[in-house]
Amino acid sequence: MTEKVSSLSEERIAYLEGLVSRARAAAAAFTQYTQREVDAIVKPMVLAGMAQAQHLAEMAIQETRLGVLEDKIIKNMVATEFVYNYVRDRRTVGTIAEYPERGIAEVAEPIGVIFSVTPITNPTSTVLFKCIMAIKTRNAAIFGPHPKAWRCCREAARVMYEAAVRHGAPEGVFTCLDEPTIEDNVYLMHHKDVRLIDATGGRGAVKAAYSSGKPALGVGPGNTPVYLEKSADLDMAVVDIITSKTFDNGTICASEQTVVIDDEIYDRVLAAFDGLGAHICRAEEASLLARALVDPQTGYAQPLAVGQKAVDIARAVGLRVKPDTKLLIAPIGGVGREHPLSVEKLFPVLAVYRAKSVEEALKVCIDVNHAGGLGHTAVVFSRSEEVIRKFSEVINAGRIIVNSPGSIGALGGVYNDMVPTFSFGCGTGGGNSTTDNVNIYHYLNIKRVARRTQAHMWYRVPNQIYFNRNAVENLRQFPSRSTVIVTNPALEQMGHVDTVRRWMPPGTMLRVLAIPDAEPEAAAVVQGVEALRLNDADQIVALGGGSVIDAAKIMKLKYESPEADLEELAAPFLDIRKRVVRFPGGNGSRARLIAIPTTSGTGSEVTPFAVLTDKASGRKITLADYSLSPDVAIVDPQFVMTMPRALTADTGIDCLTHALEAGVSIYASPYTDSNAMQAIRLVFRYLPSAYEHPDDEEARSMMHNAACIAAMAFSNASVGVNHALAHAFGARFGVAHGRANALLLPHVIAYNASVPSKFMPSPNQRTYVAHKKYATTADLLGLGGESIEEKVGNLVRAVEGLLDLLAIPKSIADLGIAKEEFERAIPELTRNAFEDPSWRSNPRMPLMSELAELLWSAYNGRGLSRAARAS
Amino acid sequence: MSEAPMKLDGDPVAALREALGRVGSADGEMVLDFSGVRRIEPAALVLLEELAARAGERHVRLALEEVDVNVYQVLKLLKLSPRFP
């Protein structure tokens, strides 16, 4: 049951309920049909409709007294043959489209019962069209025809229904209201078993459809502006306009209403109209037409004139015209209520406007468009692509018909390749839900079946890495006109710059830029870029720790792309492939960047990261992009032989943290795993000796390689929650990065190895594997253990043992940070850690409370952490 | 007491008409065996709705057995499925 419509009798309600009940059962049964069965019904229906095209047209003319018989026959043919041509090979049952490369399939789902309102102007053709659409999509339709066109519509529905049922369609699949009323429409539009309203008709029907609260396709009136621009093929344009505007006596709502003609061609165009049977009205005749044909109260055209012949209209209003007059053309001086003929006129009366310029012509077309035609149809005749483009941009119409007739052009499939239709979506401008030519896809719920896809992964590292002692000699193979060596004063004093200088190819102009050995500052970058410019550098050699190499990366960026906005480039991102901000491509003056690290930890010589400190604000800017990666890395242990012990320990643990975090990252791949595992193995094997015996060249060399290899892993798999926390904690308490990592590392391993409270979305991983990967690491290190839990515990203990050996403090408390101070800092630390992008590749999604717990665990000190103890 | 399940294969419309005739005299429960039904026609659906309504009036529990998934989907569309246990 549905809401009461007071004026409907009990009998009428029973009649309407019967229609819905039959349609509902038919629609339900129809869901069981296959595509083959559906197609076997559609074709004979179409043939039946075509066979009855003339009969139905005659009935329509007889009943409605509108239009032209011959044109109505054509419409019925288009509604069957052309529509069939469009739907014939299209799938509408089951899987209708597949996009294997995207892992997406589309599956059709019928809608159910559709209540379809049809207009008086195109009665039988609209019913034929909608019957084909309904059957092709396995829906049932109840037609609510215009009260003055119901007999011909009922006949059209009968013809289609009988053909359909004869070929297997479920009984009750179409019905058409007898003697319909507006109350019937209201009742059905609100009926709970009507799933969709498809209203093609006047303003009232469309508004009622959208007001029903149900999904609706409501497509209504228009007011088609035409711009006839001076470059157009005028003969073709005039014939097209007459063909279109007189087609079925102008009843198609896409037909031309006001033609705006350029001044230069205006007289010629009107003469051409006159020569082809149009009557050009004098001013007083135009006024007469306006008074007679447009209701001064509503501003709308008089319904009585709809679909009448030009001569009959002329006679009715007292205008003397030749008996073979096809079209009445009335010049107007503007658009709006003062110019009544600027409205939609579904009869062969056409307004024309003389425009002094393209600008004026476009404005008048916009005015017509906004005078009842928004979203519907517009026409432009021009040979100028610029004019066509501009027209398309400024006119709001679902169909912009170019150099062809508006009405027949909008129907689709005749003058263009648009989808054939008898229902023109007008978009929100016309109060509609679509701008499309309504078609079968609007009669379907299309379900997207989305298969799990693996995101594309990558493995990007500099294509040249030279390692082992004296690898610096390879500088000889890089010819350079002008090289700037970026380094720090200490390294210069130690003679390392001289070593580099020695191996530069002869003839290279060299300039040394020594910057303070802290995190690079904006001022240093500015200074460096200036040096690069002054020397017209084609090569940069960055000799130093991570800070120096980072500075060189940013100098290169600004040198090649002076417009680069570092603040903007530092914008956060979740997935580097989808980031909002793109790094600039450079201005062509590309300089080669060769990185020679003098510490064994950050791996900046191969990473796409750089950190810049703005001393003024105290803020750090972190940049990440593969365009920052050095072109060449020279990993020569001679530059790290004198590293102090504490630095050896801190940077070594930084390297271990890189490898362990990359190993369990959600972006880990077999490529990065091989790097991560090897780096871990090298750290455990060589870091103790590098620390205890600084002259052990093999240990130094292997640790130098380990740092670079771990960096290759995290350059592609990223790091995790350990780094996020270390960044926040280190910045807040001024603790070196490697040491901050070390204090957190055992706790983070235990945390990641336990069952997450929140899993991290990671389409590339089938299940949670962090604990298993830690166990594999333990196996690699020969730590023993039977179960995964045991192995993880052994790994944690091994890391703790290494930290002890390196004399790393056991806790944050051991750094001398008071508990109260730490407690006060916790909210800020957790907030900053959560804002840090590092954790976004962590296998476990950290909760803020968990970050705080980890910080407290690190504060209280190592020994097996809570999670590991629990396991 | 319930009677033996009434099979609907062959001509479900005829079987449902028969069921309609018997629902008045059914004792507590009427079981319809759908195992032979792979597709259901609109006429059968209308009868099934009528049967459900009449069974409800007479406090007869209707049970549908072995309903194919495609047929189940159709019954669901007509909101018939909750009316059967």
# chains A, B, ... in the order shown; residues from 1 in each chain; ligands from 1
>>> interface_residues(of="chain B", to="chain A", cutoff="6 Å", atoms="only C-alpha atoms", output="number ranges by chain")
B: 41-42, 74
>>> write_last_selection(atoms="N, CA and C atoms", output="mmCIF file, in the first residue's frame")
data_model
loop_
_atom_site.group_PDB
_atom_site.id
_atom_site.type_symbol
_atom_site.label_atom_id
_atom_site.label_comp_id
_atom_site.auth_asym_id
_atom_site.auth_seq_id
_atom_site.Cartn_x
_atom_site.Cartn_y
_atom_site.Cartn_z
ATOM 1 N N GLU B 41 7.873 -18.854 -11.941
ATOM 2 C CA GLU B 41 7.167 -17.930 -12.836
ATOM 3 C C GLU B 41 6.335 -16.935 -12.023
ATOM 4 N N PRO B 42 5.976 -15.793 -12.645
ATOM 5 C CA PRO B 42 5.169 -14.801 -11.938
ATOM 6 C C PRO B 42 3.870 -15.377 -11.376
ATOM 7 N N VAL B 74 14.577 -14.581 -5.646
ATOM 8 C CA VAL B 74 13.283 -14.073 -6.131
ATOM 9 C C VAL B 74 12.314 -13.923 -4.960
#
>>> residues_around(residues="Ala330 of chain A", least_positions_apart="4", cutoff="8 Å", atoms="only C-alpha atoms", output="ChimeraX atom specification")
/A:280-283,285-286,341,349-352
>>> residues_around(residues="segment 50-61 of chain B", least_positions_apart="2", cutoff="9 Å", atoms="only C-alpha atoms", output="PyMOL selection string")
chain B and resi 16-17+19-20+23-24+26-31+45-48+63+80+83-85
>>> write_last_selection(atoms="N, CA and C atoms", output="CSV table (one decimal), in the first residue's frame")
chain,number,residue,atom,x,y,z
B,16,LEU,N,0.8,-25.4,-6.3
B,16,LEU,CA,0.5,-24.3,-5.4
B,16,LEU,C,-1.0,-24.1,-5.3
B,17,ARG,N,-1.7,-24.3,-6.4
B,17,ARG,CA,-3.2,-24.2,-6.3
B,17,ARG,C,-3.7,-25.3,-5.4
B,19,ALA,N,-2.1,-26.7,-3.0
B,19,ALA,CA,-1.7,-26.3,-1.6
B,19,ALA,C,-2.7,-25.2,-1.1
B,20,LEU,N,-3.1,-24.3,-1.9
B,20,LEU,CA,-4.1,-23.3,-1.5
B,20,LEU,C,-5.4,-24.0,-1.0
B,23,VAL,N,-4.6,-25.7,2.5
B,23,VAL,CA,-4.1,-25.0,3.6
B,23,VAL,C,-5.1,-24.8,4.7
B,24,GLY,N,-6.4,-24.8,4.4
B,24,GLY,CA,-7.4,-24.6,5.4
B,24,GLY,C,-7.5,-25.8,6.3
B,26,ALA,N,-4.9,-27.9,6.8
B,26,ALA,CA,-3.6,-28.3,7.3
B,26,ALA,C,-3.5,-28.2,8.8
B,27,ASP,N,-2.8,-29.2,9.4
B,27,ASP,CA,-2.7,-29.2,10.8
B,27,ASP,C,-1.4,-28.6,11.3
B,28,GLY,N,-1.4,-27.4,11.5
B,28,GLY,CA,-0.2,-26.7,12.1
B,28,GLY,C,0.9,-26.4,11.2
B,29,GLU,N,1.2,-27.2,10.2
B,29,GLU,CA,2.4,-26.9,9.3
B,29,GLU,C,2.1,-27.5,7.9
B,30,MET,N,2.6,-26.7,7.0
B,30,MET,CA,2.6,-27.2,5.6
B,30,MET,C,4.0,-27.1,5.0
B,31,VAL,N,4.5,-28.2,4.5
B,31,VAL,CA,5.9,-28.1,4.0
B,31,VAL,C,5.8,-28.2,2.4
B,45,LEU,N,4.5,-17.1,-8.3
B,45,LEU,CA,4.8,-16.1,-7.2
B,45,LEU,C,3.5,-15.5,-6.6
B,46,VAL,N,2.6,-15.2,-7.5
B,46,VAL,CA,1.4,-14.6,-7.0
B,46,VAL,C,0.6,-15.6,-6.1
B,47,LEU,N,0.6,-16.9,-6.5
B,47,LEU,CA,0.0,-17.9,-5.7
B,47,LEU,C,0.7,-18.1,-4.4
B,48,LEU,N,2.0,-18.1,-4.4
B,48,LEU,CA,2.8,-18.2,-3.2
B,48,LEU,C,2.5,-17.1,-2.2
B,63,ALA,N,6.5,-24.1,5.6
B,63,ALA,CA,8.0,-24.4,5.5
B,63,ALA,C,8.3,-24.7,4.1
B,80,LEU,N,9.0,-12.5,0.5
B,80,LEU,CA,8.3,-13.7,0.9
B,80,LEU,C,9.2,-14.5,1.8
B,83,ARG,N,8.5,-14.9,5.6
B,83,ARG,CA,7.2,-15.5,5.9
B,83,ARG,C,7.3,-17.0,6.0
B,84,PHE,N,8.5,-17.5,5.6
B,84,PHE,CA,8.7,-18.9,5.7
B,84,PHE,C,9.8,-19.2,6.7
B,85,PRO,N,9.7,-20.2,7.5
B,85,PRO,CA,10.8,-20.4,8.4
B,85,PRO,C,12.0,-21.0,7.7
>>> select_by_dssp(residues="chain B", states="helix (DSSP H, G or I)", output="count of residues only")
39
>>> select_by_dssp(residues="segment 39-75 of chain B", states="strand (DSSP E)", output="PyMOL selection string")
chain B and resi 61-65
>>> decode(residues="segment 525-625 of chain A", atoms="C-alpha atoms", output="PDB file, in the first residue's frame")
ATOM      1  CA  VAL A 525      71.558  25.720   1.185  1.00  0.00           C
ATOM      2  CA  VAL A 526      71.225  29.267  -0.104  1.00  0.00           C
ATOM      3  CA  GLN A 527      74.980  29.657   0.110  1.00  0.00           C
ATOM      4  CA  GLY A 528      75.498  26.371  -1.712  1.00  0.00           C
ATOM      5  CA  VAL A 529      73.089  27.167  -4.526  1.00  0.00           C
ATOM      6  CA  GLU A 530      74.835  30.484  -5.019  1.00  0.00           C
ATOM      7  CA  ALA A 531      78.171  28.677  -5.251  1.00  0.00           C
ATOM      8  CA  LEU A 532      76.773  26.217  -7.784  1.00  0.00           C
ATOM      9  CA  ARG A 533      75.436  29.073  -9.893  1.00  0.00           C
ATOM     10  CA  LEU A 534      78.590  31.151  -9.701  1.00  0.00           C
ATOM     11  CA  ASN A 535      80.657  28.180 -10.788  1.00  0.00           C
ATOM     12  CA  ASP A 536      78.118  26.983 -13.338  1.00  0.00           C
ATOM     13  CA  ALA A 537      78.598  23.564 -11.736  1.00  0.00           C
ATOM     14  CA  ASP A 538      77.902  20.374 -13.632  1.00  0.00           C
ATOM     15  CA  GLN A 539      78.844  18.135 -10.710  1.00  0.00           C
ATOM     16  CA  ILE A 540      78.472  18.148  -6.932  1.00  0.00           C
ATOM     17  CA  VAL A 541      80.573  15.903  -4.717  1.00  0.00           C
ATOM     18  CA  ALA A 542      79.061  15.589  -1.260  1.00  0.00           C
ATOM     19  CA  LEU A 543      81.726  14.441   1.187  1.00  0.00           C
ATOM     20  CA  GLY A 544      80.492  14.016   4.722  1.00  0.00           C
ATOM     21  CA  GLY A 545      77.931  12.474   7.008  1.00  0.00           C
ATOM     22  CA  GLY A 546      74.206  12.413   6.406  1.00  0.00           C
ATOM     23  CA  SER A 547      73.879  16.138   7.095  1.00  0.00           C
ATOM     24  CA  VAL A 548      76.330  17.160   4.405  1.00  0.00           C
ATOM     25  CA  ILE A 549      74.893  14.775   1.845  1.00  0.00           C
ATOM     26  CA  ASP A 550      71.345  15.941   2.665  1.00  0.00           C
ATOM     27  CA  ALA A 551      72.434  19.550   2.215  1.00  0.00           C
ATOM     28  CA  ALA A 552      73.955  18.726  -1.157  1.00  0.00           C
ATOM     29  CA  LYS A 553      70.729  17.023  -2.272  1.00  0.00           C
ATOM     30  CA  ILE A 554      68.710  20.128  -1.456  1.00  0.00           C
ATOM     31  CA  MET A 555      71.285  22.441  -3.059  1.00  0.00           C
ATOM     32  CA  LYS A 556      71.033  20.385  -6.231  1.00  0.00           C
ATOM     33  CA  LEU A 557      67.244  20.562  -6.134  1.00  0.00           C
ATOM     34  CA  LYS A 558      67.209  24.338  -5.769  1.00  0.00           C
ATOM     35  CA  TYR A 559      70.024  24.759  -8.293  1.00  0.00           C
ATOM     36  CA  GLU A 560      68.137  22.809 -10.944  1.00  0.00           C
ATOM     37  CA  SER A 561      64.677  24.052  -9.978  1.00  0.00           C
ATOM     38  CA  PRO A 562      64.971  27.492  -8.370  1.00  0.00           C
ATOM     39  CA  GLU A 563      61.195  27.734  -8.188  1.00  0.00           C
ATOM     40  CA  ALA A 564      60.969  24.659  -5.921  1.00  0.00           C
ATOM     41  CA  ASP A 565      59.074  25.532  -2.754  1.00  0.00           C
ATOM     42  CA  LEU A 566      60.634  23.391  -0.049  1.00  0.00           C
ATOM     43  CA  GLU A 567      57.777  23.933   2.393  1.00  0.00           C
ATOM     44  CA  GLU A 568      55.303  22.697  -0.193  1.00  0.00           C
ATOM     45  CA  LEU A 569      57.499  19.781  -1.257  1.00  0.00           C
ATOM     46  CA  ALA A 570      57.642  18.685   2.371  1.00  0.00           C
ATOM     47  CA  ALA A 571      53.848  18.225   2.454  1.00  0.00           C
ATOM     48  CA  PRO A 572      52.937  14.916   4.121  1.00  0.00           C
ATOM     49  CA  PHE A 573      51.774  11.933   2.113  1.00  0.00           C
ATOM     50  CA  LEU A 574      50.458   8.471   2.786  1.00  0.00           C
ATOM     51  CA  ASP A 575      51.591   6.796  -0.410  1.00  0.00           C
ATOM     52  CA  ILE A 576      54.478   8.233  -2.387  1.00  0.00           C
ATOM     53  CA  ARG A 577      52.776   7.193  -5.634  1.00  0.00           C
ATOM     54  CA  LYS A 578      49.676   9.212  -4.828  1.00  0.00           C
ATOM     55  CA  ARG A 579      51.235  12.225  -3.173  1.00  0.00           C
ATOM     56  CA  VAL A 580      49.665  15.590  -3.889  1.00  0.00           C
ATOM     57  CA  VAL A 581      52.876  17.496  -4.455  1.00  0.00           C
ATOM     58  CA  ARG A 582      55.178  16.570  -7.326  1.00  0.00           C
ATOM     59  CA  PHE A 583      58.848  17.387  -7.352  1.00  0.00           C
ATOM     60  CA  PRO A 584      59.933  19.627 -10.216  1.00  0.00           C
ATOM     61  CA  GLY A 585      61.660  18.161 -13.221  1.00  0.00           C
ATOM     62  CA  GLY A 586      64.501  20.694 -13.255  1.00  0.00           C
ATOM     63  CA  ASN A 587      65.455  23.338 -15.767  1.00  0.00           C
ATOM     64  CA  GLY A 588      67.733  21.161 -17.845  1.00  0.00           C
ATOM     65  CA  SER A 589      70.983  22.250 -16.189  1.00  0.00           C
ATOM     66  CA  ARG A 590      71.396  18.928 -14.465  1.00  0.00           C
ATOM     67  CA  ALA A 591      74.353  18.446 -12.168  1.00  0.00           C
ATOM     68  CA  ARG A 592      75.656  15.000 -11.267  1.00  0.00           C
ATOM     69  CA  LEU A 593      75.575  14.325  -7.518  1.00  0.00           C
ATOM     70  CA  ILE A 594      78.265  12.022  -6.153  1.00  0.00           C
ATOM     71  CA  ALA A 595      77.906  11.130  -2.484  1.00  0.00           C
ATOM     72  CA  ILE A 596      80.878   9.975  -0.409  1.00  0.00           C
ATOM     73  CA  PRO A 597      79.751   9.124   3.153  1.00  0.00           C
ATOM     74  CA  THR A 598      82.112   9.625   6.082  1.00  0.00           C
ATOM     75  CA  THR A 599      79.888   7.851   8.614  1.00  0.00           C
ATOM     76  CA  SER A 600      78.358   4.357   8.482  1.00  0.00           C
ATOM     77  CA  GLY A 601      74.732   4.820   9.427  1.00  0.00           C
ATOM     78  CA  THR A 602      72.345   7.127   7.624  1.00  0.00           C
ATOM     79  CA  GLY A 603      72.954   5.694   4.172  1.00  0.00           C
ATOM     80  CA  SER A 604      72.119   9.086   2.730  1.00  0.00           C
ATOM     81  CA  GLU A 605      74.448   8.288  -0.164  1.00  0.00           C
ATOM     82  CA  VAL A 606      71.700   6.089  -1.651  1.00  0.00           C
ATOM     83  CA  THR A 607      68.472   7.381  -0.110  1.00  0.00           C
ATOM     84  CA  PRO A 608      65.833   9.676  -1.589  1.00  0.00           C
ATOM     85  CA  PHE A 609      65.495  11.620   1.674  1.00  0.00           C
ATOM     86  CA  ALA A 610      66.884  14.912   2.907  1.00  0.00           C
ATOM     87  CA  VAL A 611      66.274  16.835   6.109  1.00  0.00           C
ATOM     88  CA  LEU A 612      66.673  20.597   6.315  1.00  0.00           C
ATOM     89  CA  THR A 613      66.528  22.695   9.475  1.00  0.00           C
ATOM     90  CA  ASP A 614      65.125  26.182   9.411  1.00  0.00           C
ATOM     91  CA  LYS A 615      67.064  27.744  12.259  1.00  0.00           C
ATOM     92  CA  ALA A 616      64.787  30.760  12.435  1.00  0.00           C
ATOM     93  CA  SER A 617      61.686  28.697  13.157  1.00  0.00           C
ATOM     94  CA  GLY A 618      63.444  25.670  14.601  1.00  0.00           C
ATOM     95  CA  ARG A 619      61.442  23.507  12.229  1.00  0.00           C
ATOM     96  CA  LYS A 620      62.716  20.563  10.275  1.00  0.00           C
ATOM     97  CA  ILE A 621      61.698  20.034   6.689  1.00  0.00           C
ATOM     98  CA  THR A 622      61.865  16.438   5.504  1.00  0.00           C
ATOM     99  CA  LEU A 623      61.936  15.917   1.771  1.00  0.00           C
ATOM    100  CA  ALA A 624      61.396  12.553   0.104  1.00  0.00           C
ATOM    101  CA  ASP A 625      61.594  11.920  -3.597  1.00  0.00           C
TER     102      ASP A 625
END
